[in-house]
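Q: I am attaching a structure below and will ask some questions about it afterwards.
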Amino acid sequence: MADEALDGRTALQTFVDDGQANYVSILVAYLALVAVNFALGMVAFFVALFGGIFVIGSGGLESASIAVLAVIGIVVAIVVLLYLLALFFVQFYGQAIVLEDMGAVDGLKRSVSFVREHLVSTLGYSILVGVLGGVFGSVFGVLSLLLSPQSAAALHLPELSLPLVAVVGLLVLVVGTLFGGFFGVYSVSFYRELTT
């Protein structure tokens, strides 16, 4: 729909048709990424767990060797960096699958080659989207925190009425949907601009 909307008008039927045509490929690619994320997460978890057990067993953090803590920190940092690199290189698999009619594996490969071909542009795009997404997420995270009864009580805020909470919830839903739609169109526009 975003691709079609960039050329003029679009329709919900486009979403349905392309969704049916590409659902399996996108699901397979997504599940592959979940498996990679799970594997990297498990590596980081076990390194942290065994490092924590080693540190506690050797007398606690105060008596732990700086070298051991550095090795644990370096391994966790490498795993986080690998995770971020994987996300960076495969972020356009959906666009490749839908816009270029590719399968799951070809879509992932195409995303990697697209990012390699446009490394600086993609880095700028990722930073922009990350910063704007972080600001947006932070604003709504703070709103969510302030609207929760526990936080309101802890911060000595007045009790909020149910209609006010419902209105703010509806506002979050509407703005979040618009924000997500904007970035969906922006990502397709970015991808399309550099592939044509």
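Each chain in the structure tokens gets a letter, A, B and so on, in the order shown; residues start at 1 in every chain, and ligands are counted from 1 in the order they appear.
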Which polymer residues have any atom within 10 Å of an atom of Phe136 (chain A), counting only C-alpha atoms, with same-chain residues fewer than 4 positions away left out, as JSON, numbers by chain?

A: {"A": [130, 131, 132, 140, 141, 175, 176, 179]}

Q: For the residues in the current selection, export C-alpha atoms as a PDB file, in the first residue's frame.

A:
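Output file result-v6.pdb is given in full below:
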ATOM      1  CA  GLY A 130      16.145   5.338  15.592  1.00  0.00           C
ATOM      2  CA  VAL A 131      16.241   8.838  17.068  1.00  0.00           C
ATOM      3  CA  LEU A 132      12.669   9.690  16.068  1.00  0.00           C
ATOM      4  CA  PHE A 140       4.599   7.568  25.187  1.00  0.00           C
ATOM      5  CA  GLY A 141       6.545   5.527  27.742  1.00  0.00           C
ATOM      6  CA  VAL A 175      -0.793   9.031  16.988  1.00  0.00           C
ATOM      7  CA  GLY A 176       1.023   5.683  17.153  1.00  0.00           C
ATOM      8  CA  PHE A 179       3.557   7.480  13.255  1.00  0.00           C
TER       9      PHE A 179
END

Q: Can you pull out the residues contacting Val79 (chain A)? Cut-off 9 Å, using only C-alpha atoms, and skip same-chain residues under 4 positions away; I want them as a PDB file with N, CA and C atoms, in the first residue's frame.

A:
ATOM      1  N   LEU A  40      21.505 -15.365  19.716  1.00  0.00           N
ATOM      2  CA  LEU A  40      22.379 -14.323  20.256  1.00  0.00           C
ATOM      3  C   LEU A  40      22.000 -13.963  21.692  1.00  0.00           C
ATOM      4  N   GLY A  41      20.713 -13.909  21.962  1.00  0.00           N
ATOM      5  CA  GLY A  41      20.254 -13.634  23.323  1.00  0.00           C
ATOM      6  C   GLY A  41      20.680 -14.711  24.307  1.00  0.00           C
ATOM      7  N   VAL A  43      23.326 -16.670  24.013  1.00  0.00           N
ATOM      8  CA  VAL A  43      24.765 -16.536  24.212  1.00  0.00           C
ATOM      9  C   VAL A  43      25.045 -15.446  25.245  1.00  0.00           C
ATOM     10  N   ALA A  44      24.421 -14.276  25.063  1.00  0.00           N
ATOM     11  CA  ALA A  44      24.625 -13.178  26.017  1.00  0.00           C
ATOM     12  C   ALA A  44      24.146 -13.569  27.407  1.00  0.00           C
ATOM     13  N   ILE A  74      33.301  -7.587  27.359  1.00  0.00           N
ATOM     14  CA  ILE A  74      33.653  -7.610  25.934  1.00  0.00           C
ATOM     15  C   ILE A  74      32.793  -8.622  25.187  1.00  0.00           C
ATOM     16  N   VAL A  75      32.595  -9.813  25.764  1.00  0.00           N
ATOM     17  CA  VAL A  75      31.782 -10.831  25.095  1.00  0.00           C
ATOM     18  C   VAL A  75      30.337 -10.351  24.956  1.00  0.00           C
ATOM     19  N   TYR A  83      24.160  -8.410  17.148  1.00  0.00           N
ATOM     20  CA  TYR A  83      22.704  -8.265  17.065  1.00  0.00           C
ATOM     21  C   TYR A  83      22.332  -7.000  16.295  1.00  0.00           C
ATOM     22  N   LEU A  84      22.956  -5.882  16.639  1.00  0.00           N
ATOM     23  CA  LEU A  84      22.657  -4.616  15.973  1.00  0.00           C
ATOM     24  C   LEU A  84      23.072  -4.638  14.502  1.00  0.00           C
TER      25      LEU A  84
END

Q: Please identify all polymer residues within 10 Å of Leu33 (chain A), counting only C-alpha atoms, omitting same-chain residues fewer than 3 positions from it, and present them as a list of chain:residue names.

A: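 Final neighbour list, sorted by chain and number: A:Leu27, A:Val28, A:Ala29, A:Tyr30, A:Val36, A:Asn37, A:Phe38, A:Ala39, A:Ala86, A:Leu87, A:Val90, A:Leu108.
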
Q: So the first atom is CA of Ala11 (chain A) and the second is CA of Leu31 (chain A); what is the distance between them in Å, to one decimal place?

A: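 For CA of Ala11 (chain A) relative to CA of Leu31 (chain A), the distance reads 28.3 Å.
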
Q: Which residue gives the smallest distance to Ala21 (chain A) among A:Ile97, A:Leu157, A:Val174, A:Ile72, with only C-alpha atoms counted?

A: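 That would be A:Ile97, the residue with the smallest distance to Ala21 (chain A).
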